[in-house]
$ cat work.cif   # mmCIF, N, CA and C atoms and all ligand atoms
data_upload
#
loop_
_atom_site.label_atom_id
_atom_site.label_comp_id
_atom_site.auth_asym_id
_atom_site.auth_seq_id
_atom_site.Cartn_x
_atom_site.Cartn_y
_atom_site.Cartn_z
N MET G 608 0.85 -1.19 0.00
CA MET G 608 0.00 0.00 0.00
C MET G 608 0.88 1.23 0.00
N THR G 609 0.70 2.10 -0.98
CA THR G 609 1.43 3.37 -0.93
C THR G 609 0.53 4.42 -0.26
N GLY G 610 1.13 5.44 0.30
CA GLY G 610 0.37 6.50 0.97
C GLY G 610 -0.41 5.98 2.16
N ALA G 611 0.23 5.12 2.95
CA ALA G 611 -0.47 4.45 4.06
C ALA G 611 -0.46 5.27 5.35
N GLY G 612 0.18 6.41 5.34
CA GLY G 612 0.34 7.17 6.57
C GLY G 612 -0.90 7.89 7.04
N ARG G 613 -1.80 8.17 6.11
CA ARG G 613 -3.03 8.89 6.49
C ARG G 613 -4.09 8.69 5.41
N GLY G 614 -5.26 9.25 5.67
CA GLY G 614 -6.34 9.23 4.67
C GLY G 614 -6.81 7.82 4.33
N ILE G 615 -7.17 7.68 3.06
CA ILE G 615 -7.73 6.42 2.58
C ILE G 615 -6.74 5.28 2.76
N GLY G 616 -5.46 5.55 2.50
CA GLY G 616 -4.43 4.51 2.61
C GLY G 616 -4.35 3.95 4.02
N TYR G 617 -4.36 4.84 5.00
CA TYR G 617 -4.32 4.39 6.39
C TYR G 617 -5.56 3.55 6.72
N ASP G 618 -6.72 4.04 6.31
CA ASP G 618 -7.96 3.31 6.62
C ASP G 618 -7.96 1.91 5.97
N LEU G 619 -7.45 1.84 4.75
CA LEU G 619 -7.39 0.52 4.10
C LEU G 619 -6.44 -0.42 4.84
N VAL G 620 -5.31 0.11 5.27
CA VAL G 620 -4.36 -0.73 6.03
C VAL G 620 -5.05 -1.25 7.30
N LYS G 621 -5.77 -0.34 7.96
CA LYS G 621 -6.45 -0.73 9.20
C LYS G 621 -7.47 -1.84 8.93
N GLN G 622 -8.24 -1.68 7.88
CA GLN G 622 -9.24 -2.71 7.56
C GLN G 622 -8.59 -4.02 7.14
N LEU G 623 -7.56 -3.92 6.32
CA LEU G 623 -6.91 -5.15 5.84
C LEU G 623 -6.21 -5.89 6.97
N SER G 624 -5.77 -5.15 7.98
CA SER G 624 -5.04 -5.79 9.08
C SER G 624 -5.94 -6.73 9.88
N GLU G 625 -7.25 -6.57 9.70
CA GLU G 625 -8.19 -7.45 10.40
C GLU G 625 -8.45 -8.75 9.65
N GLN G 626 -7.93 -8.83 8.42
CA GLN G 626 -8.10 -10.05 7.62
C GLN G 626 -7.15 -11.13 8.14
N GLN G 627 -7.66 -12.34 8.13
CA GLN G 627 -6.82 -13.45 8.57
C GLN G 627 -5.65 -13.64 7.61
N ASN G 628 -4.49 -13.90 8.15
CA ASN G 628 -3.28 -14.16 7.37
C ASN G 628 -2.78 -12.98 6.53
N ALA G 629 -3.24 -11.79 6.83
CA ALA G 629 -2.78 -10.63 6.06
C ALA G 629 -1.34 -10.29 6.43
N VAL G 630 -0.58 -9.92 5.42
CA VAL G 630 0.75 -9.36 5.62
C VAL G 630 0.77 -8.08 4.79
N ILE G 631 0.92 -6.95 5.47
CA ILE G 631 0.76 -5.67 4.79
C ILE G 631 2.04 -4.85 4.90
N TYR G 632 2.53 -4.40 3.76
CA TYR G 632 3.64 -3.46 3.76
C TYR G 632 3.06 -2.07 3.54
N ALA G 633 3.15 -1.25 4.59
CA ALA G 633 2.52 0.07 4.59
C ALA G 633 3.54 1.12 4.15
N GLY G 634 3.35 1.61 2.93
CA GLY G 634 4.32 2.54 2.35
C GLY G 634 4.12 3.97 2.84
N VAL G 635 5.20 4.54 3.36
CA VAL G 635 5.20 5.96 3.76
C VAL G 635 6.48 6.60 3.22
N ARG G 636 6.40 7.88 2.93
CA ARG G 636 7.61 8.50 2.37
C ARG G 636 8.51 9.10 3.42
N GLY G 637 7.99 9.26 4.64
CA GLY G 637 8.83 9.77 5.73
C GLY G 637 9.12 8.67 6.74
N ALA G 638 9.63 9.09 7.90
CA ALA G 638 9.88 8.12 8.98
C ALA G 638 8.55 7.74 9.62
N LEU G 639 8.44 6.49 10.09
CA LEU G 639 7.19 6.02 10.70
C LEU G 639 6.73 6.94 11.83
N ALA G 640 7.67 7.48 12.58
CA ALA G 640 7.34 8.34 13.72
C ALA G 640 6.54 9.58 13.30
N GLU G 641 6.62 9.94 12.02
CA GLU G 641 5.88 11.11 11.53
C GLU G 641 4.39 10.80 11.36
N TYR G 642 4.04 9.50 11.41
CA TYR G 642 2.66 9.09 11.16
C TYR G 642 2.14 8.38 12.41
N GLN G 643 1.64 9.19 13.36
CA GLN G 643 1.29 8.65 14.69
C GLN G 643 0.26 7.54 14.65
N GLN G 644 -0.80 7.76 13.84
CA GLN G 644 -1.87 6.76 13.78
C GLN G 644 -1.32 5.43 13.25
N LEU G 645 -0.56 5.52 12.18
CA LEU G 645 -0.01 4.29 11.60
C LEU G 645 0.98 3.65 12.55
N ALA G 646 1.79 4.46 13.22
CA ALA G 646 2.77 3.91 14.17
C ALA G 646 2.06 3.13 15.27
N SER G 647 0.91 3.65 15.73
CA SER G 647 0.14 2.93 16.77
C SER G 647 -0.38 1.61 16.24
N LEU G 648 -0.83 1.64 14.98
CA LEU G 648 -1.37 0.42 14.37
C LEU G 648 -0.27 -0.63 14.19
N VAL G 649 0.90 -0.18 13.78
CA VAL G 649 2.03 -1.10 13.62
C VAL G 649 2.40 -1.70 14.98
N ALA G 650 2.35 -0.87 16.02
CA ALA G 650 2.65 -1.37 17.37
C ALA G 650 1.62 -2.40 17.82
N GLN G 651 0.38 -2.20 17.36
CA GLN G 651 -0.71 -3.11 17.74
C GLN G 651 -0.65 -4.43 16.96
N PHE G 652 -0.19 -4.35 15.72
CA PHE G 652 -0.11 -5.54 14.86
C PHE G 652 1.30 -5.70 14.28
N PRO G 653 2.28 -5.95 15.13
CA PRO G 653 3.67 -5.96 14.66
C PRO G 653 4.01 -7.11 13.71
N ASP G 654 3.19 -8.16 13.73
CA ASP G 654 3.46 -9.28 12.82
C ASP G 654 2.63 -9.22 11.53
N VAL G 655 1.85 -8.16 11.42
CA VAL G 655 0.94 -8.05 10.28
C VAL G 655 1.29 -6.84 9.39
N ILE G 656 1.61 -5.72 10.04
CA ILE G 656 1.86 -4.48 9.29
C ILE G 656 3.34 -4.11 9.41
N PHE G 657 3.95 -3.90 8.27
CA PHE G 657 5.37 -3.54 8.24
C PHE G 657 5.53 -2.22 7.48
N PRO G 658 6.09 -1.21 8.13
CA PRO G 658 6.30 0.05 7.41
C PRO G 658 7.40 -0.09 6.37
N LEU G 659 7.23 0.64 5.28
CA LEU G 659 8.18 0.54 4.17
C LEU G 659 8.30 1.92 3.54
N LYS G 660 9.53 2.33 3.26
CA LYS G 660 9.70 3.66 2.64
C LYS G 660 9.38 3.58 1.15
N ILE G 661 8.33 4.29 0.76
CA ILE G 661 7.95 4.34 -0.66
C ILE G 661 7.55 5.77 -1.03
N THR G 662 8.24 6.33 -1.99
CA THR G 662 7.86 7.61 -2.56
C THR G 662 7.44 7.35 -4.00
N SER G 663 6.21 7.71 -4.32
CA SER G 663 5.71 7.42 -5.67
C SER G 663 6.63 7.99 -6.72
N ALA G 664 6.82 7.22 -7.76
CA ALA G 664 7.61 7.62 -8.93
C ALA G 664 9.11 7.74 -8.65
N SER G 665 9.55 7.35 -7.45
CA SER G 665 10.98 7.34 -7.18
C SER G 665 11.51 5.94 -7.50
N GLN G 666 12.25 5.85 -8.57
CA GLN G 666 12.76 4.53 -8.99
C GLN G 666 13.68 3.94 -7.93
N GLU G 667 14.52 4.79 -7.34
CA GLU G 667 15.48 4.31 -6.34
C GLU G 667 14.74 3.73 -5.12
N ASP G 668 13.80 4.51 -4.60
CA ASP G 668 13.00 4.08 -3.44
C ASP G 668 12.27 2.78 -3.71
N ASN G 669 11.64 2.74 -4.87
CA ASN G 669 10.74 1.63 -5.12
C ASN G 669 11.45 0.36 -5.53
N THR G 670 12.61 0.51 -6.13
CA THR G 670 13.43 -0.67 -6.40
C THR G 670 13.88 -1.26 -5.07
N ALA G 671 14.31 -0.39 -4.16
CA ALA G 671 14.74 -0.86 -2.83
C ALA G 671 13.58 -1.52 -2.09
N ALA G 672 12.40 -0.91 -2.18
CA ALA G 672 11.22 -1.47 -1.50
C ALA G 672 10.88 -2.84 -2.08
N ALA G 673 10.91 -2.95 -3.41
CA ALA G 673 10.58 -4.22 -4.06
C ALA G 673 11.57 -5.31 -3.65
N GLU G 674 12.84 -4.93 -3.62
CA GLU G 674 13.85 -5.93 -3.24
C GLU G 674 13.68 -6.36 -1.78
N TYR G 675 13.32 -5.39 -0.93
CA TYR G 675 13.13 -5.72 0.48
C TYR G 675 11.96 -6.70 0.65
N VAL G 676 10.84 -6.39 0.02
CA VAL G 676 9.66 -7.26 0.16
C VAL G 676 9.94 -8.62 -0.46
N ARG G 677 10.63 -8.61 -1.58
CA ARG G 677 10.97 -9.90 -2.20
C ARG G 677 11.82 -10.75 -1.25
N SER G 678 12.77 -10.12 -0.58
CA SER G 678 13.65 -10.88 0.33
C SER G 678 12.89 -11.42 1.53
N LYS G 679 11.83 -10.70 1.93
CA LYS G 679 11.06 -11.13 3.11
C LYS G 679 9.96 -12.11 2.76
N GLU G 680 9.26 -11.87 1.64
CA GLU G 680 8.04 -12.64 1.34
C GLU G 680 8.17 -13.52 0.11
N GLY G 681 9.04 -13.13 -0.81
CA GLY G 681 9.18 -13.88 -2.05
C GLY G 681 8.13 -13.54 -3.09
N LYS G 682 7.03 -12.92 -2.68
CA LYS G 682 5.98 -12.57 -3.65
C LYS G 682 5.08 -11.48 -3.06
N VAL G 683 4.31 -10.87 -3.95
CA VAL G 683 3.29 -9.91 -3.54
C VAL G 683 2.00 -10.30 -4.22
N ASP G 684 0.91 -10.32 -3.48
CA ASP G 684 -0.38 -10.68 -4.08
C ASP G 684 -1.08 -9.46 -4.68
N VAL G 685 -1.06 -8.35 -3.96
CA VAL G 685 -1.79 -7.15 -4.40
C VAL G 685 -0.95 -5.91 -4.10
N ILE G 686 -0.89 -5.01 -5.05
CA ILE G 686 -0.28 -3.70 -4.81
C ILE G 686 -1.38 -2.65 -4.93
N ILE G 687 -1.53 -1.83 -3.91
CA ILE G 687 -2.52 -0.75 -3.96
C ILE G 687 -1.75 0.57 -4.07
N ALA G 688 -1.79 1.16 -5.27
CA ALA G 688 -1.08 2.41 -5.54
C ALA G 688 -1.99 3.57 -5.17
N ASN G 689 -2.11 3.80 -3.87
CA ASN G 689 -3.05 4.79 -3.35
C ASN G 689 -2.45 6.19 -3.25
N ALA G 690 -1.15 6.29 -3.06
CA ALA G 690 -0.52 7.59 -2.78
C ALA G 690 -0.83 8.59 -3.88
N GLY G 691 -1.15 9.77 -3.46
CA GLY G 691 -1.40 10.81 -4.45
C GLY G 691 -2.14 11.97 -3.83
N GLU G 692 -2.30 13.01 -4.60
CA GLU G 692 -3.06 14.17 -4.14
C GLU G 692 -3.99 14.59 -5.25
N LEU G 693 -5.17 15.01 -4.87
CA LEU G 693 -6.14 15.49 -5.85
C LEU G 693 -5.96 16.98 -6.09
N GLY G 694 -6.42 17.46 -7.20
CA GLY G 694 -6.50 18.90 -7.42
C GLY G 694 -5.32 19.48 -8.18
N ASP G 695 -5.31 20.80 -8.24
CA ASP G 695 -4.29 21.48 -9.04
C ASP G 695 -2.94 21.51 -8.35
N ARG G 696 -2.92 21.26 -7.05
CA ARG G 696 -1.67 21.36 -6.31
C ARG G 696 -0.94 20.03 -6.29
N MET G 697 -1.01 19.28 -7.39
CA MET G 697 -0.34 17.98 -7.47
C MET G 697 1.15 18.14 -7.22
N THR G 698 1.69 17.31 -6.38
CA THR G 698 3.13 17.38 -6.12
C THR G 698 3.86 16.19 -6.73
N ILE G 699 3.09 15.27 -7.28
CA ILE G 699 3.71 14.07 -7.84
C ILE G 699 4.09 14.33 -9.29
N SER G 700 5.29 13.99 -9.65
CA SER G 700 5.67 14.11 -11.05
C SER G 700 5.18 12.86 -11.77
N CYS G 701 4.45 13.06 -12.82
CA CYS G 701 3.85 11.94 -13.55
C CYS G 701 4.60 11.71 -14.84
N SER G 702 4.54 10.50 -15.28
CA SER G 702 5.08 10.21 -16.60
C SER G 702 4.15 9.21 -17.26
N GLY G 703 4.32 8.99 -18.51
CA GLY G 703 3.43 8.06 -19.19
C GLY G 703 2.31 8.82 -19.87
N ARG G 704 1.08 8.36 -19.67
CA ARG G 704 -0.04 8.92 -20.41
C ARG G 704 -0.40 10.31 -19.90
N ALA G 705 -0.26 11.30 -20.77
CA ALA G 705 -0.48 12.69 -20.37
C ALA G 705 -1.91 12.93 -19.90
N ASP G 706 -2.88 12.19 -20.47
CA ASP G 706 -4.27 12.43 -20.11
C ASP G 706 -4.57 12.00 -18.67
N ARG G 707 -3.66 11.26 -18.04
CA ARG G 707 -3.87 10.85 -16.66
C ARG G 707 -3.13 11.77 -15.70
N SER G 708 -2.52 12.85 -16.24
CA SER G 708 -1.59 13.63 -15.42
C SER G 708 -2.24 14.29 -14.21
N LYS G 709 -3.54 14.47 -14.22
CA LYS G 709 -4.18 15.09 -13.06
C LYS G 709 -4.87 14.04 -12.18
N ALA G 710 -4.74 12.79 -12.53
CA ALA G 710 -5.44 11.75 -11.80
C ALA G 710 -4.55 11.01 -10.81
N GLY G 711 -3.26 11.30 -10.82
CA GLY G 711 -2.38 10.62 -9.88
C GLY G 711 -1.17 10.10 -10.60
N PRO G 712 -0.29 9.47 -9.89
CA PRO G 712 0.95 9.00 -10.51
C PRO G 712 0.70 7.81 -11.41
N VAL G 713 1.13 7.92 -12.63
CA VAL G 713 1.01 6.79 -13.54
C VAL G 713 2.14 5.80 -13.24
N VAL G 714 3.32 6.35 -13.03
CA VAL G 714 4.43 5.49 -12.65
C VAL G 714 4.58 5.60 -11.14
N SER G 715 4.02 4.67 -10.44
CA SER G 715 4.03 4.75 -8.98
C SER G 715 5.18 3.97 -8.39
N PHE G 716 5.51 2.87 -9.02
CA PHE G 716 6.53 2.01 -8.46
C PHE G 716 6.99 1.06 -9.54
N LEU G 717 8.07 0.43 -9.29
CA LEU G 717 8.56 -0.58 -10.21
C LEU G 717 8.57 -1.90 -9.49
N TRP G 718 8.13 -2.91 -10.15
CA TRP G 718 8.17 -4.24 -9.55
C TRP G 718 8.73 -5.19 -10.59
N GLN G 719 9.82 -5.81 -10.26
CA GLN G 719 10.42 -6.74 -11.20
C GLN G 719 10.12 -8.15 -10.75
N SER G 720 9.49 -8.93 -11.63
CA SER G 720 9.16 -10.30 -11.23
C SER G 720 10.33 -11.22 -11.53
N1 LIG G 801 -10.40 11.62 -0.85
C1 LIG G 801 -11.10 11.61 -1.97
O1 LIG G 801 -12.25 12.06 -2.03
C2 LIG G 801 -10.51 11.03 -3.23
C3 LIG G 801 -11.28 10.98 -4.39
C4 LIG G 801 -10.73 10.42 -5.55
C5 LIG G 801 -9.45 9.94 -5.55
N2 LIG G 801 -8.71 10.03 -4.41
C6 LIG G 801 -7.34 9.51 -4.47
O2 LIG G 801 -7.14 8.58 -3.41
C7 LIG G 801 -5.82 8.69 -2.95
C8 LIG G 801 -5.78 8.94 -1.43
O3 LIG G 801 -6.58 10.07 -1.15
P1 LIG G 801 -6.68 10.64 0.33
O4 LIG G 801 -7.89 11.49 0.39
O5 LIG G 801 -6.50 9.54 1.32
O6 LIG G 801 -5.41 11.60 0.34
P2 LIG G 801 -4.60 12.23 1.57
O7 LIG G 801 -5.38 12.16 2.84
O8 LIG G 801 -4.13 13.56 1.09
O9 LIG G 801 -3.36 11.25 1.71
C9 LIG G 801 -2.47 11.18 0.63
C10 LIG G 801 -1.43 10.14 0.99
O10 LIG G 801 -0.58 10.00 -0.14
C11 LIG G 801 0.75 10.23 0.31
N3 LIG G 801 1.52 10.83 -0.78
C12 LIG G 801 1.28 11.98 -1.45
N4 LIG G 801 2.22 12.18 -2.39
C13 LIG G 801 3.06 11.12 -2.31
C14 LIG G 801 4.22 10.73 -3.01
N5 LIG G 801 4.74 11.46 -4.00
N6 LIG G 801 4.84 9.57 -2.64
C15 LIG G 801 4.36 8.80 -1.65
N7 LIG G 801 3.27 9.12 -0.93
C16 LIG G 801 2.62 10.27 -1.27
C17 LIG G 801 0.66 11.13 1.50
O11 LIG G 801 1.84 10.98 2.26
P3 LIG G 801 2.30 12.08 3.35
O12 LIG G 801 1.45 11.80 4.57
O13 LIG G 801 3.75 11.79 3.54
O14 LIG G 801 2.03 13.44 2.78
C18 LIG G 801 -0.58 10.57 2.17
O15 LIG G 801 -0.29 9.43 2.93
C19 LIG G 801 -5.14 9.80 -3.74
O16 LIG G 801 -4.43 9.21 -4.81
C20 LIG G 801 -6.30 10.60 -4.26
O17 LIG G 801 -5.97 11.24 -5.48
C21 LIG G 801 -9.20 10.54 -3.26
#
$ encode --input "work.cif" --output "structure tokens" --more "lines below"
Ligand SMILES: NC(=O)c1ccc[n+]([C@@H]2O[C@H](COP(=O)([O-])OP(=O)(O)OC[C@H]3O[C@@H](n4cnc5c(N)ncnc54)[C@H](OP(=O)(O)O)[C@@H]3O)[C@@H](O)[C@H]2O)c1
Amino acid sequence: MTGAGRGIGYDLVKQLSEQQNAVIYAGVRGALAEYQQLASLVAQFPDVIFPLKITSASQEDNTAAAEYVRSKEGKVDVIIANAGELGDRMTISCSGRADRSKAGPVVSFLWQS
């Protein structure tokens, strides 16, 4: 899950953490301590939710994140590319299809199988 520190991403992590056998990598772009709600949830479910540094469209960050998850789990079932901001004040640099440029990051992460 990208953008797991607050908003919809945080709520989805919280809901998914209640699923049996869930293993969730909660992507945040800052240190976990910056996201109090998520930090509390990680403390509550330390074997279920794992914080992971992910900045959308950062190839370096996301290659490192992919390699880390691969080393821990060997596979990923679902990636939720939630991180983003709505409106004219978009801070994410987009690439790919120009018509999606206001809808969020087209290149959110890289995953090599
Ligand atoms: N809320 C709505 O009504 C609505 C409607 C349609 C679509 N959406 C989409 O749903 C997604 C989540 O919305 P929301 O309302 O939960 O937004 P939000 O409360 O503003 O949260 C945005 C999340 O994305 C993270 N983020 C922003 N830019 C990032 C980047 N470049 N790299 C990594 N993380 C980044 C933020 O991290 P920080 O905490 O570090 O800033 C934050 O965790 C967005 O993509 C939004 O466009 C929302």
$ residues_near_point --input "work.cif" --point "(-3.1, 1.5, 7.8)" --cutoff "8 Å" --atoms "only N, CA and C atoms" --output "list in words"
Gly610, Ala611, Gly612, Arg613, Ile615, Gly616, Tyr617, Asp618, Leu619, Val620, Lys621, Gln622, Leu623, Ser624, Ala633, Gln644, Leu645, Ala646, Leu648, Val649 and Ile656 of chain G
$ atom_distance --input "work.cif" --atom1 "CA of Gln627 (chain G)" --atom2 "atom C of Gly681 (chain G)"
19.0 Å
$ closest_residue --input "work.cif" --among "G:Ile631, G:Ala690, G:Val685, G:Ala638" --to "Ser663 (chain G)" --atoms "only C-alpha atoms"
G:Ala690
$ atom_distance --input "work.cif" --atom1 "atom O8 of ligand LIG 801 (chain G)" --atom2 "CA of Arg677 (chain G)"
28.1 Å
$ atom_distance --input "work.cif" --atom1 "CA of Gly637 (chain G)" --atom2 "atom O13 of ligand LIG 801 (chain G)"
5.9 Å
$ axis_aligned_box --input "work.cif" --around "ligand LIG 801 (chain G)" --padding-each-side "5 Å" --output "AutoDock Vina command-line options"
--center_x -3.7 --center_y 11.1 --center_z -0.5 --size_x 27.1 --size_y 15.0 --size_z 20.1
$ decode --input "work.cif" --residues "region 609-622 of chain G" --atoms "N, CA and C atoms" --output "PDB file, in the first residue's frame"
ATOM      1  N   THR G 609       0.696   2.098  -0.984  1.00  0.00           N
ATOM      2  CA  THR G 609       1.427   3.368  -0.925  1.00  0.00           C
ATOM      3  C   THR G 609       0.529   4.416  -0.260  1.00  0.00           C
ATOM      4  N   GLY G 610       1.128   5.445   0.304  1.00  0.00           N
ATOM      5  CA  GLY G 610       0.366   6.500   0.970  1.00  0.00           C
ATOM      6  C   GLY G 610      -0.409   5.985   2.160  1.00  0.00           C
ATOM      7  N   ALA G 611       0.230   5.119   2.949  1.00  0.00           N
ATOM      8  CA  ALA G 611      -0.466   4.453   4.063  1.00  0.00           C
ATOM      9  C   ALA G 611      -0.460   5.269   5.350  1.00  0.00           C
ATOM     10  N   GLY G 612       0.176   6.410   5.337  1.00  0.00           N
ATOM     11  CA  GLY G 612       0.339   7.173   6.573  1.00  0.00           C
ATOM     12  C   GLY G 612      -0.905   7.894   7.038  1.00  0.00           C
ATOM     13  N   ARG G 613      -1.803   8.167   6.108  1.00  0.00           N
ATOM     14  CA  ARG G 613      -3.031   8.887   6.489  1.00  0.00           C
ATOM     15  C   ARG G 613      -4.090   8.688   5.413  1.00  0.00           C
ATOM     16  N   GLY G 614      -5.265   9.246   5.670  1.00  0.00           N
ATOM     17  CA  GLY G 614      -6.336   9.234   4.673  1.00  0.00           C
ATOM     18  C   GLY G 614      -6.810   7.824   4.325  1.00  0.00           C
ATOM     19  N   ILE G 615      -7.172   7.677   3.064  1.00  0.00           N
ATOM     20  CA  ILE G 615      -7.732   6.418   2.585  1.00  0.00           C
ATOM     21  C   ILE G 615      -6.735   5.276   2.758  1.00  0.00           C
ATOM     22  N   GLY G 616      -5.460   5.553   2.504  1.00  0.00           N
ATOM     23  CA  GLY G 616      -4.434   4.511   2.613  1.00  0.00           C
ATOM     24  C   GLY G 616      -4.351   3.946   4.020  1.00  0.00           C
ATOM     25  N   TYR G 617      -4.359   4.839   4.997  1.00  0.00           N
ATOM     26  CA  TYR G 617      -4.318   4.388   6.393  1.00  0.00           C
ATOM     27  C   TYR G 617      -5.556   3.547   6.721  1.00  0.00           C
ATOM     28  N   ASP G 618      -6.715   4.041   6.313  1.00  0.00           N
ATOM     29  CA  ASP G 618      -7.957   3.305   6.618  1.00  0.00           C
ATOM     30  C   ASP G 618      -7.960   1.915   5.971  1.00  0.00           C
ATOM     31  N   LEU G 619      -7.446   1.841   4.750  1.00  0.00           N
ATOM     32  CA  LEU G 619      -7.391   0.525   4.095  1.00  0.00           C
ATOM     33  C   LEU G 619      -6.442  -0.417   4.840  1.00  0.00           C
ATOM     34  N   VAL G 620      -5.307   0.108   5.266  1.00  0.00           N
ATOM     35  CA  VAL G 620      -4.364  -0.731   6.029  1.00  0.00           C
ATOM     36  C   VAL G 620      -5.050  -1.246   7.296  1.00  0.00           C
ATOM     37  N   LYS G 621      -5.770  -0.344   7.960  1.00  0.00           N
ATOM     38  CA  LYS G 621      -6.453  -0.731   9.203  1.00  0.00           C
ATOM     39  C   LYS G 621      -7.472  -1.840   8.930  1.00  0.00           C
ATOM     40  N   GLN G 622      -8.239  -1.678   7.879  1.00  0.00           N
ATOM     41  CA  GLN G 622      -9.244  -2.707   7.561  1.00  0.00           C
ATOM     42  C   GLN G 622      -8.591  -4.024   7.142  1.00  0.00           C
TER      43      GLN G 622
END
